[in-house]
>>> print(open('structure-v8.pdb').read())   # PDB, C-alpha atoms and all ligand atoms
ATOM      1  CA  VAL A   1      33.821  -9.642 -11.490
ATOM      2  CA  THR A   2      30.934  -9.076 -13.914
ATOM      3  CA  THR A   3      33.166 -10.325 -16.727
ATOM      4  CA  MET A   4      33.888 -13.494 -14.791
ATOM      5  CA  VAL A   5      30.187 -14.219 -14.392
ATOM      6  CA  PHE A   6      29.614 -13.558 -18.080
ATOM      7  CA  ILE A   7      32.327 -15.977 -19.191
ATOM      8  CA  THR A   8      30.950 -18.672 -16.908
ATOM      9  CA  VAL A   9      27.539 -18.137 -18.413
ATOM     10  CA  ILE A  10      28.677 -18.645 -21.990
ATOM     11  CA  ASN A  11      30.961 -21.584 -21.143
ATOM     12  CA  LYS A  12      28.023 -23.708 -20.081
ATOM     13  CA  GLU A  13      26.600 -23.345 -23.545
ATOM     14  CA  ARG A  14      23.565 -25.280 -24.733
ATOM     15  CA  LYS A  15      23.883 -26.623 -28.241
ATOM     16  CA  ASP A  16      20.207 -26.674 -29.238
ATOM     17  CA  VAL A  17      19.426 -22.977 -28.722
ATOM     18  CA  MET A  18      21.110 -19.626 -29.305
ATOM     19  CA  THR A  19      22.788 -18.638 -26.027
ATOM     20  CA  VAL A  20      24.515 -15.447 -27.121
ATOM     21  CA  THR A  21      23.342 -12.642 -29.400
ATOM     22  CA  PRO A  22      25.386 -11.330 -32.363
ATOM     23  CA  TRP A  23      26.383  -8.391 -30.075
ATOM     24  CA  LEU A  24      27.551 -10.878 -27.402
ATOM     25  CA  ALA A  25      24.774 -10.454 -24.861
ATOM     26  CA  PRO A  26      23.918 -13.716 -23.102
ATOM     27  CA  VAL A  27      20.530 -15.316 -23.749
ATOM     28  CA  VAL A  28      19.490 -17.014 -20.514
ATOM     29  CA  TRP A  29      18.307 -20.616 -20.851
ATOM     30  CA  GLU A  30      18.191 -23.445 -18.336
ATOM     31  CA  GLU A  31      21.676 -25.079 -18.115
ATOM     32  CA  THR A  32      23.486 -21.919 -19.203
ATOM     33  CA  PHE A  33      24.038 -20.523 -15.702
ATOM     34  CA  ASP A  34      25.197 -21.599 -12.279
ATOM     35  CA  THR A  35      22.804 -20.312  -9.617
ATOM     36  CA  SER A  36      25.203 -20.696  -6.682
ATOM     37  CA  LEU A  37      27.958 -18.784  -8.477
ATOM     38  CA  ILE A  38      25.577 -15.999  -9.483
ATOM     39  CA  ASP A  39      24.143 -15.800  -5.953
ATOM     40  CA  SER A  40      27.602 -15.635  -4.400
ATOM     41  CA  PHE A  41      28.219 -12.572  -6.575
ATOM     42  CA  TYR A  42      24.924 -10.680  -6.116
ATOM     43  CA  LYS A  43      24.175 -11.579  -2.490
ATOM     44  CA  MET A  44      27.336  -9.805  -1.363
ATOM     45  CA  GLN A  45      25.940  -6.587  -2.816
ATOM     46  CA  ASN A  46      22.700  -6.425  -0.746
ATOM     47  CA  ILE A  47      20.714  -5.316  -3.773
ATOM     48  CA  THR A  48      17.071  -4.228  -3.912
ATOM     49  CA  VAL A  49      14.948  -5.340  -6.859
ATOM     50  CA  ALA A  50      11.868  -3.179  -7.419
ATOM     51  CA  THR A  51       9.050  -4.968  -9.188
ATOM     52  CA  THR A  52       6.212  -2.977 -10.710
ATOM     53  CA  VAL A  53       2.869  -4.300 -11.918
ATOM     54  CA  PHE A  54      -0.217  -2.552 -13.253
ATOM     55  CA  ALA A  55      -3.522  -4.000 -12.039
ATOM     56  CA  LEU A  56      -6.338  -1.839 -13.351
ATOM     57  CA  GLY A  57     -10.015  -2.710 -13.704
ATOM     58  CA  LYS A  58     -10.644  -6.429 -13.691
ATOM     59  CA  TYR A  59      -6.916  -7.142 -13.821
ATOM     60  CA  VAL A  60      -6.847  -6.917 -10.007
ATOM     61  CA  GLN A  61      -8.132 -10.526 -10.054
ATOM     62  CA  PHE A  62      -4.664 -11.655 -11.194
ATOM     63  CA  LEU A  63      -2.758 -10.089  -8.292
ATOM     64  CA  LYS A  64      -3.237 -12.914  -5.808
ATOM     65  CA  ASP A  65      -1.724 -15.647  -7.996
ATOM     66  CA  PHE A  66       0.961 -13.284  -9.247
ATOM     67  CA  LEU A  67       2.104 -12.343  -5.741
ATOM     68  CA  GLU A  68       1.734 -15.786  -4.165
ATOM     69  CA  SER A  69       3.688 -17.460  -6.950
ATOM     70  CA  ALA A  70       6.331 -14.692  -6.896
ATOM     71  CA  GLU A  71       6.811 -15.318  -3.181
ATOM     72  CA  LYS A  72       7.634 -18.955  -4.023
ATOM     73  CA  HIS A  73       9.833 -18.534  -7.089
ATOM     74  CA  TYR A  74      10.881 -14.947  -7.786
ATOM     75  CA  MET A  75      14.177 -13.513  -6.548
ATOM     76  CA  GLN A  76      14.243 -15.703  -3.460
ATOM     77  CA  GLY A  77      16.788 -14.479  -0.921
ATOM     78  CA  TYR A  78      16.860 -10.956  -2.353
ATOM     79  CA  ARG A  79      15.301  -7.725  -1.157
ATOM     80  CA  VAL A  80      12.183  -7.228  -3.314
ATOM     81  CA  HIS A  81       9.888  -4.215  -3.248
ATOM     82  CA  TYR A  82       6.645  -4.649  -5.177
ATOM     83  CA  TYR A  83       4.941  -1.498  -6.458
ATOM     84  CA  ILE A  84       1.330  -2.167  -7.429
ATOM     85  CA  PHE A  85      -0.345   0.464  -9.612
ATOM     86  CA  THR A  86      -4.106   0.088  -9.345
ATOM     87  CA  ASP A  87      -7.370   2.002  -9.489
ATOM     88  CA  GLN A  88      -8.710  -0.166  -6.625
ATOM     89  CA  PRO A  89      -6.253  -0.189  -3.729
ATOM     90  CA  GLU A  90      -8.888  -1.911  -1.575
ATOM     91  CA  ALA A  91      -8.835  -4.916  -3.923
ATOM     92  CA  VAL A  92      -5.105  -5.599  -3.492
ATOM     93  CA  PRO A  93      -5.034  -8.989  -1.731
ATOM     94  CA  MET A  94      -3.273  -9.545   1.569
ATOM     95  CA  VAL A  95      -0.443 -11.877   0.671
ATOM     96  CA  THR A  96       2.088 -12.914   3.293
ATOM     97  CA  LEU A  97       5.482 -11.634   2.186
ATOM     98  CA  GLY A  98       8.805 -13.185   3.109
ATOM     99  CA  ALA A  99      11.667 -11.474   4.963
ATOM    100  CA  ASN A 100      13.143  -8.452   3.149
ATOM    101  CA  ARG A 101      10.103  -8.210   0.895
ATOM    102  CA  SER A 102       7.669  -5.297   0.879
ATOM    103  CA  LEU A 103       4.762  -3.924  -1.111
ATOM    104  CA  THR A 104       3.549  -0.416  -1.902
ATOM    105  CA  THR A 105       0.173   0.275  -3.508
ATOM    106  CA  LEU A 106      -0.060   3.330  -5.771
ATOM    107  CA  LYS A 107      -3.462   4.645  -6.805
ATOM    108  CA  LEU A 108      -4.178   5.459 -10.456
ATOM    109  CA  PRO A 109      -7.406   6.733 -12.029
ATOM    110  CA  SER A 110      -9.472   4.171 -13.964
ATOM    111  CA  SER A 111      -9.538   4.072 -17.745
ATOM    112  CA  ASN A 112     -12.179   2.731 -20.059
ATOM    113  CA  ARG A 113      -9.796   1.666 -22.833
ATOM    114  CA  TRP A 114      -7.261  -1.125 -22.269
ATOM    115  CA  GLN A 115      -5.002   0.373 -24.948
ATOM    116  CA  GLU A 116      -4.857   3.551 -22.861
ATOM    117  CA  ILE A 117      -3.794   1.510 -19.831
ATOM    118  CA  THR A 118      -0.815  -0.026 -21.629
ATOM    119  CA  LEU A 119       0.061   3.337 -23.153
ATOM    120  CA  ARG A 120       0.399   4.980 -19.745
ATOM    121  CA  ARG A 121       2.713   2.458 -18.152
ATOM    122  CA  MET A 122       5.946   4.024 -19.433
ATOM    123  CA  GLU A 123       4.971   7.415 -18.080
ATOM    124  CA  LYS A 124       4.110   5.959 -14.655
ATOM    125  CA  LEU A 125       7.305   3.962 -14.544
ATOM    126  CA  GLU A 126       9.388   7.002 -15.430
ATOM    127  CA  LYS A 127       7.731   9.095 -12.713
ATOM    128  CA  LEU A 128       7.985   6.377 -10.089
ATOM    129  CA  ILE A 129      11.712   6.028 -10.714
ATOM    130  CA  ASP A 130      12.150   9.812 -10.557
ATOM    131  CA  THR A 131      10.278  10.207  -7.298
ATOM    132  CA  GLN A 132      10.928   7.046  -5.283
ATOM    133  CA  MET A 133      13.616   4.853  -6.646
ATOM    134  CA  ILE A 134      16.806   6.483  -7.727
ATOM    135  CA  ASN A 135      18.609   6.078  -4.405
ATOM    136  CA  GLU A 136      16.659   3.162  -2.996
ATOM    137  CA  VAL A 137      16.662   0.555  -5.722
ATOM    138  CA  ASP A 138      19.374  -1.160  -7.768
ATOM    139  CA  TYR A 139      17.389  -3.175 -10.294
ATOM    140  CA  ILE A 140      13.829  -3.033 -11.497
ATOM    141  CA  PHE A 141      11.494  -5.383 -13.320
ATOM    142  CA  SER A 142       8.220  -4.194 -14.812
ATOM    143  CA  LEU A 143       6.025  -7.272 -15.234
ATOM    144  CA  ASP A 144       2.544  -7.964 -16.565
ATOM    145  CA  VAL A 145       0.114  -8.958 -13.823
ATOM    146  CA  ASP A 146      -1.926 -11.554 -15.744
ATOM    147  CA  THR A 147       0.898 -14.007 -15.191
ATOM    148  CA  LYS A 148       2.151 -16.624 -12.781
ATOM    149  CA  PHE A 149       5.555 -17.925 -11.726
ATOM    150  CA  TYR A 150       6.026 -21.690 -12.072
ATOM    151  CA  GLY A 151       9.778 -22.020 -11.582
ATOM    152  CA  HIS A 152      12.992 -20.370 -10.401
ATOM    153  CA  TRP A 153      13.504 -16.745 -11.493
ATOM    154  CA  GLY A 154      16.657 -15.517  -9.807
ATOM    155  CA  ALA A 155      19.648 -13.224 -10.128
ATOM    156  CA  GLU A 156      20.622 -14.787 -13.469
ATOM    157  CA  THR A 157      18.061 -12.349 -14.910
ATOM    158  CA  LEU A 158      19.859  -9.235 -13.664
ATOM    159  CA  GLY A 159      21.710  -7.028 -16.106
ATOM    160  CA  ASP A 160      22.050  -3.409 -17.194
ATOM    161  CA  ILE A 161      19.069  -3.588 -19.550
ATOM    162  CA  VAL A 162      17.121  -6.804 -19.943
ATOM    163  CA  ALA A 163      14.524  -7.924 -22.506
ATOM    164  CA  VAL A 164      12.557 -11.136 -22.957
ATOM    165  CA  ILE A 165      11.967 -12.950 -26.243
ATOM    166  CA  HIS A 166       8.238 -13.137 -26.938
ATOM    167  CA  PRO A 167       7.166 -16.798 -26.749
ATOM    168  CA  GLY A 168       4.948 -16.449 -29.813
ATOM    169  CA  TYR A 169       7.786 -15.405 -32.133
ATOM    170  CA  TYR A 170      11.015 -17.063 -31.031
ATOM    171  CA  SER A 171      11.137 -19.313 -34.070
ATOM    172  CA  THR A 172       9.473 -16.897 -36.492
ATOM    173  CA  PRO A 173      11.472 -15.361 -39.391
ATOM    174  CA  ARG A 174      12.348 -11.733 -38.719
ATOM    175  CA  ASP A 175      10.242 -10.293 -41.525
ATOM    176  CA  GLU A 176       7.138 -11.831 -39.988
ATOM    177  CA  PHE A 177       7.596 -10.136 -36.603
ATOM    178  CA  PRO A 178       4.589  -7.947 -35.762
ATOM    179  CA  TYR A 179       6.694  -4.780 -35.554
ATOM    180  CA  GLU A 180       5.020  -1.463 -36.364
ATOM    181  CA  ARG A 181       5.445  -1.103 -40.146
ATOM    182  CA  ARG A 182       3.978   2.343 -40.792
ATOM    183  CA  PRO A 183       6.726   4.972 -41.150
ATOM    184  CA  GLU A 184       4.378   7.572 -39.614
ATOM    185  CA  SER A 185       4.733   5.927 -36.204
ATOM    186  CA  GLN A 186       7.758   6.510 -33.965
ATOM    187  CA  ALA A 187       7.761   2.736 -33.408
ATOM    188  CA  TYR A 188       8.415   2.059 -37.112
ATOM    189  CA  ILE A 189      10.879  -0.705 -37.931
ATOM    190  CA  PRO A 190      11.567  -1.247 -41.657
ATOM    191  CA  GLN A 191      11.498  -4.740 -43.203
ATOM    192  CA  GLY A 192      14.883  -6.404 -42.972
ATOM    193  CA  MET A 193      15.714  -4.791 -39.631
ATOM    194  CA  GLY A 194      15.347  -5.966 -36.046
ATOM    195  CA  ASP A 195      16.924  -8.724 -33.987
ATOM    196  CA  TYR A 196      14.182 -10.457 -32.008
ATOM    197  CA  TYR A 197      10.554  -9.800 -31.203
ATOM    198  CA  TYR A 198      10.600  -8.830 -27.556
ATOM    199  CA  GLY A 199       7.625  -9.229 -25.231
ATOM    200  CA  GLY A 200       6.260  -6.167 -23.488
ATOM    201  CA  ALA A 201       5.362  -8.254 -20.422
ATOM    202  CA  VAL A 202       8.901  -8.122 -19.002
ATOM    203  CA  ILE A 203      11.259  -5.134 -18.913
ATOM    204  CA  GLY A 204      14.203  -5.126 -16.558
ATOM    205  CA  GLY A 205      17.576  -3.714 -15.705
ATOM    206  CA  ARG A 206      19.468  -1.214 -13.618
ATOM    207  CA  VAL A 207      17.212   1.554 -12.447
ATOM    208  CA  GLU A 208      18.969   4.306 -14.479
ATOM    209  CA  GLU A 209      18.770   2.238 -17.669
ATOM    210  CA  VAL A 210      15.094   1.400 -17.215
ATOM    211  CA  HIS A 211      14.449   5.076 -16.533
ATOM    212  CA  LYS A 212      16.075   6.005 -19.846
ATOM    213  CA  LEU A 213      14.021   3.363 -21.670
ATOM    214  CA  ALA A 214      10.754   4.483 -20.044
ATOM    215  CA  LYS A 215      11.470   8.136 -20.793
ATOM    216  CA  ILE A 216      12.303   7.597 -24.462
ATOM    217  CA  CYS A 217       9.360   5.240 -25.027
ATOM    218  CA  ARG A 218       7.060   7.710 -23.256
ATOM    219  CA  MET A 219       8.275  10.541 -25.507
ATOM    220  CA  GLN A 220       7.717   8.436 -28.627
ATOM    221  CA  LEU A 221       4.263   7.411 -27.411
ATOM    222  CA  ASP A 222       3.460  11.111 -26.871
ATOM    223  CA  MET A 223       4.622  11.960 -30.396
ATOM    224  CA  ASP A 224       2.433   9.220 -31.858
ATOM    225  CA  LYS A 225      -0.503  10.477 -29.830
ATOM    226  CA  ALA A 226       0.031  14.025 -31.104
ATOM    227  CA  ASN A 227       0.018  12.598 -34.648
ATOM    228  CA  SER A 228      -3.110  10.507 -33.946
ATOM    229  CA  ILE A 229      -1.405   7.203 -34.591
ATOM    230  CA  GLU A 230      -1.325   4.234 -32.253
ATOM    231  CA  ALA A 231       1.366   1.604 -32.848
ATOM    232  CA  ALA A 232       0.204  -1.930 -33.689
ATOM    233  CA  TRP A 233       1.011  -3.317 -30.228
ATOM    234  CA  GLN A 234       1.124  -0.026 -28.310
ATOM    235  CA  GLU A 235       3.925  -0.007 -25.742
ATOM    236  CA  GLU A 236       5.384  -3.306 -26.983
ATOM    237  CA  SER A 237       5.934  -1.823 -30.463
ATOM    238  CA  HIS A 238       7.824   1.128 -28.968
ATOM    239  CA  LEU A 239       9.848  -1.189 -26.777
ATOM    240  CA  ASN A 240      10.922  -3.193 -29.836
ATOM    241  CA  LYS A 241      11.949   0.000 -31.562
ATOM    242  CA  TYR A 242      13.944   1.092 -28.508
ATOM    243  CA  PHE A 243      15.789  -2.233 -28.297
ATOM    244  CA  LEU A 244      16.673  -2.090 -31.981
ATOM    245  CA  TYR A 245      18.880   0.950 -31.325
ATOM    246  CA  ASN A 246      19.715   0.286 -27.657
ATOM    247  CA  LYS A 247      20.592  -3.392 -27.553
ATOM    248  CA  PRO A 248      19.664  -5.289 -24.390
ATOM    249  CA  THR A 249      22.739  -6.407 -22.444
ATOM    250  CA  LYS A 250      20.952  -9.590 -21.428
ATOM    251  CA  ILE A 251      18.086 -11.462 -23.035
ATOM    252  CA  LEU A 252      15.756 -13.851 -21.273
ATOM    253  CA  SER A 253      14.623 -16.916 -23.226
ATOM    254  CA  PRO A 254      10.904 -17.723 -23.489
ATOM    255  CA  GLU A 255      11.343 -19.788 -20.282
ATOM    256  CA  TYR A 256      10.868 -16.385 -18.653
ATOM    257  CA  LEU A 257       7.698 -15.542 -20.572
ATOM    258  CA  TRP A 258       5.540 -18.400 -21.699
ATOM    259  CA  GLN A 259       1.789 -18.542 -22.378
ATOM    260  CA  ASP A 260      -0.331 -21.097 -20.522
ATOM    261  CA  PHE A 261      -2.267 -22.007 -23.662
ATOM    262  CA  LYS A 262       0.928 -23.014 -25.530
ATOM    263  CA  SER A 263       2.225 -26.552 -25.138
ATOM    264  CA  LYS A 264       5.842 -26.816 -24.064
ATOM    265  CA  THR A 265       8.396 -27.390 -26.832
ATOM    266  CA  ASP A 266      11.573 -29.502 -26.448
ATOM    267  CA  ASP A 267      13.942 -26.552 -26.109
ATOM    268  CA  ILE A 268      11.928 -25.191 -23.154
ATOM    269  CA  LYS A 269      13.270 -27.293 -20.258
ATOM    270  CA  ILE A 270      11.385 -25.306 -17.661
ATOM    271  CA  ILE A 271       8.575 -22.759 -17.729
ATOM    272  CA  ARG A 272       9.377 -20.121 -15.129
ATOM    273  CA  PHE A 273       6.833 -17.385 -15.783
ATOM    274  CA  SER A 274       3.770 -17.550 -17.987
ATOM    275  CA  GLN A 275       0.766 -15.539 -19.052
ATOM    276  CA  VAL A 276      -2.396 -17.116 -17.693
ATOM    277  CA  ILE A 277      -5.348 -17.914 -19.911
ATOM    278  CA  LYS A 278      -7.852 -15.118 -19.753
ATOM    279  CA  ASN A 279     -11.097 -14.266 -21.376
ATOM    280  CA  TYR A 280     -10.409 -10.877 -22.952
ATOM    281  CA  ALA A 281     -14.098 -10.013 -23.019
ATOM    282  CA  GLU A 282     -14.194 -10.438 -19.241
ATOM    283  CA  VAL A 283     -11.110  -8.445 -18.306
ATOM    284  CA  ARG A 284     -10.915  -5.625 -20.827
ATOM    285  CA  PRO A 285     -13.182  -2.608 -20.510
ATOM    286  CA  ASN A 286     -13.589  -2.406 -24.326
ATOM    287  CA  PRO A 287     -13.038  -4.883 -27.213
TER     288      PRO A 287
HETATM  289  C1  LIG B 301      20.819  -3.717   2.920
HETATM  290  O1  LIG B 301      20.016  -2.720   2.283
HETATM  291  C2  LIG B 301      18.902  -2.330   3.048
HETATM  292  C3  LIG B 301      18.036  -1.417   2.198
HETATM  293  O2  LIG B 301      18.770  -0.608   1.346
HETATM  294  C4  LIG B 301      19.370  -1.674   4.332
HETATM  295  O3  LIG B 301      18.261  -1.271   5.098
HETATM  296  C5  LIG B 301      20.199  -2.695   5.104
HETATM  297  O4  LIG B 301      20.723  -2.091   6.275
HETATM  298  C6  LIG B 301      21.331  -3.228   4.246
HETATM  299  N1  LIG B 301      21.975  -4.306   4.963
HETATM  300  C7  LIG B 301      23.295  -4.464   5.000
HETATM  301  C8  LIG B 301      23.797  -5.659   5.740
HETATM  302  O5  LIG B 301      24.056  -3.669   4.447
HETATM  303  C1  LIG B 302      17.573  -9.928   4.761
HETATM  304  O1  LIG B 302      18.599  -9.001   4.475
HETATM  305  C2  LIG B 302      19.697  -9.018   5.360
HETATM  306  C3  LIG B 302      20.689  -7.951   4.900
HETATM  307  O2  LIG B 302      20.146  -6.676   5.024
HETATM  308  C4  LIG B 302      20.337 -10.390   5.379
HETATM  309  O3  LIG B 302      21.364 -10.419   6.344
HETATM  310  C5  LIG B 302      19.299 -11.454   5.685
HETATM  311  O4  LIG B 302      19.876 -12.733   5.562
HETATM  312  C6  LIG B 302      18.129 -11.338   4.722
HETATM  313  N1  LIG B 302      17.106 -12.314   5.072
HETATM  314  C7  LIG B 302      16.615 -13.191   4.190
HETATM  315  C8  LIG B 302      15.620 -14.174   4.704
HETATM  316  O5  LIG B 302      16.925 -13.180   3.012
END
>>> encode(input="structure-v8.pdb", output="structure tokens")
Amino acid sequence: VTTMVFITVINKERKDVMTVTPWLAPVVWEETFDTSLIDSFYKMQNITVATTVFALGKYVQFLKDFLESAEKHYMQGYRVHYYIFTDQPEAVPMVTLGANRSLTTLKLPSSNRWQEITLRRMEKLEKLIDTQMINEVDYIFSLDVDTKFYGHWGAETLGDIVAVIHPGYYSTPRDEFPYERRPESQAYIPQGMGDYYYGGAVIGGRVEEVHKLAKICRMQLDMDKANSIEAAWQEESHLNKYFLYNKPTKILSPEYLWQDFKSKTDDIKIIRFSQVIKNYAEVRPNP
């Protein structure tokens, strides 16, 4: 049945954008999928989609818009369990959740370096899957919290292991991607290699696959730390390295990760999820 869905996806091909990768994974763009067909497949399976966000320090201010907009646009009709990692559980807003949707707040200690916060996410994700998710959850998305949903984000995004193309680099030549270029880092990608520049704001897939990703990235982050090196874009650099050798089975177009400050281009028919404009000096504990 999965094969049938896949073929339908690539048959509705758009001509102006790349809708399939060289390794035959679909790239999801508006007009490349049929929502009712996809829903008829996944709704039968009564799946649960865990959704994790990290809201530390001043980032708690983004939770309200994130959750309210997710309740309008994200995985409507599916069982969704939000897991909010925060150092201020009392600041998690009360947002009315729809049927079959729930929220768990998990307390983390504060950190005074934002780099440290992004470096710890893989470890927390790995542990959360180990302790709470393996038998309860089918799919998981780890999403950045300083974001908002503006349009439909549904089951067309589900796959074994799912990455998003970073909106800042989808038309950039490969050798200009901001991969980690120092061989001393575990995130190193040599010139001439790599497929896409993936955004760290969205990681998804089946729970076992995301666990494997989180574990390997966490180990590589630990090795870098032991060698006193921090990759150019922290977790995102390690994620790009992981996806170079473990190809995503589905890729989300920049419709699924835009940036509010960027004007829409012609190939983006709909912005579904976008990073909000923020004043870094106001939200980060250090420059
Ligand atoms: C769907 O899954 C949920 C949670 O796993 C479970 O509580 C519920 O009974 C299931 N419903 C059906 C119709 O199987
Ligand atoms: C909630 O899940 C049950 C299956 O467990 C389903 O029958 C019901 O339609 C769902 N409700 C909504 C509003 O999605």
>>> closest_residue(input="structure-v8.pdb", among="A:Val80, A:Pro178, A:Glu90, A:Leu56", to="Gln191 in chain A", atoms="only C-alpha atoms")
A:Pro178
>>> closest_atom_pairs(input="structure-v8.pdb", of="range 158-227 of chain A", to="range 18-42 of chain A", cutoff="12 Å", atoms="all atoms listed in the file", output="tab-separated table")
residue	atom	partner	partner_atom	distance
A:Leu158	CA	A:Tyr42	CA	9.2
A:Gly159	CA	A:Ala25	CA	9.9
A:Asp160	CA	A:Ala25	CA	10.8
A:Ile161	CA	A:Ala25	CA	10.4
A:Val162	CA	A:Ala25	CA	9.8
A:Ala163	CA	A:Val27	CA	9.6
A:Val164	CA	A:Val27	CA	9.0
A:Ile165	CA	A:Val27	CA	9.2
A:Tyr170	CA	A:Met18	CA	10.6
A:Ser171	CA	A:Met18	CA	11.1
A:Gly194	CA	A:Pro22	CA	12.0
A:Asp195	CA	A:Thr21	CA	8.8
A:Tyr196	CA	A:Thr21	CA	9.8
>>> residues_near_ligand(input="structure-v8.pdb", ligand="ligand LIG 301 (chain B)", cutoff="7 Å", atoms="only C-alpha atoms and all ligand atoms", output="list in words")
Asn46, Ile47, Thr48 and Glu136 of chain A
>>> residues_near_ligand(input="structure-v8.pdb", ligand="ligand LIG 302 (chain B)", cutoff="7 Å", atoms="all atoms listed in the file", output="PyMOL selection string")
chain A and resi 46+77-79+99-100
>>> write_last_selection(input="structure-v8.pdb", atoms="C-alpha atoms", output="short mmCIF file (atom, residue, chain, number, x, y, z; two decimals), in the coordinates of the input")
data_model
loop_
_atom_site.label_atom_id
_atom_site.label_comp_id
_atom_site.auth_asym_id
_atom_site.auth_seq_id
_atom_site.Cartn_x
_atom_site.Cartn_y
_atom_site.Cartn_z
CA ASN A 46 22.70 -6.42 -0.75
CA GLY A 77 16.79 -14.48 -0.92
CA TYR A 78 16.86 -10.96 -2.35
CA ARG A 79 15.30 -7.72 -1.16
CA ALA A 99 11.67 -11.47 4.96
CA ASN A 100 13.14 -8.45 3.15
#
>>> closest_residue(input="structure-v8.pdb", among="A:Met122, A:Phe62, A:Ile268, A:Tyr188", to="Ile216 in chain A", atoms="only C-alpha atoms")
A:Met122
>>> atom_distance(input="structure-v8.pdb", atom1="CA of Thr104 in chain A", atom2="CA of Lys124 in chain A")
14.3 Å
>>> resolve_selection(input="structure-v8.pdb", expression="the PyMOL selection byres (((chain A and resi 106) around 9) and not hetatm)", output="VMD selection string")
chain A and resid 83 to 87 89 104 to 105 107 to 108
>>> resolve_selection(input="structure-v8.pdb", expression="the PyMOL selection byres (((chain A and resi 236) around 10) and not hetatm)", output="VMD selection string")
chain A and resid 118 to 119 178 to 180 187 197 to 202 217 231 to 235 237 to 242
>>> write_last_selection(input="structure-v8.pdb", atoms="C-alpha atoms", output="compact mmCIF listing (two decimals), keeping the file's coordinate frame")
# COMPACT_ATOMS: atom_id res chain seq x y z
CA THR A 118 -0.82 -0.03 -21.63
CA LEU A 119 0.06 3.34 -23.15
CA PRO A 178 4.59 -7.95 -35.76
CA TYR A 179 6.69 -4.78 -35.55
CA GLU A 180 5.02 -1.46 -36.36
CA ALA A 187 7.76 2.74 -33.41
CA TYR A 197 10.55 -9.80 -31.20
CA TYR A 198 10.60 -8.83 -27.56
CA GLY A 199 7.62 -9.23 -25.23
CA GLY A 200 6.26 -6.17 -23.49
CA ALA A 201 5.36 -8.25 -20.42
CA VAL A 202 8.90 -8.12 -19.00
CA CYS A 217 9.36 5.24 -25.03
CA ALA A 231 1.37 1.60 -32.85
CA ALA A 232 0.20 -1.93 -33.69
CA TRP A 233 1.01 -3.32 -30.23
CA GLN A 234 1.12 -0.03 -28.31
CA GLU A 235 3.92 -0.01 -25.74
CA SER A 237 5.93 -1.82 -30.46
CA HIS A 238 7.82 1.13 -28.97
CA LEU A 239 9.85 -1.19 -26.78
CA ASN A 240 10.92 -3.19 -29.84
CA LYS A 241 11.95 0.00 -31.56
CA TYR A 242 13.94 1.09 -28.51
>>> closest_residue(input="structure-v8.pdb", among="A:Val17, A:Ile140, A:Ile129, A:Val207", to="His81 in chain A", atoms="only C-alpha atoms")
A:Ile140
>>> resolve_selection(input="structure-v8.pdb", expression="the PyMOL selection byres (((chain A and resi 184) around 12) and not hetatm)", output="NGL selection string")
:A and (180-183 or 185-190 or 220 or 223-232)
>>> closest_residue(input="structure-v8.pdb", among="A:Val283, A:Ile271, A:Leu143, A:Val137", to="Asn112 in chain A", atoms="only C-alpha atoms")
A:Val283
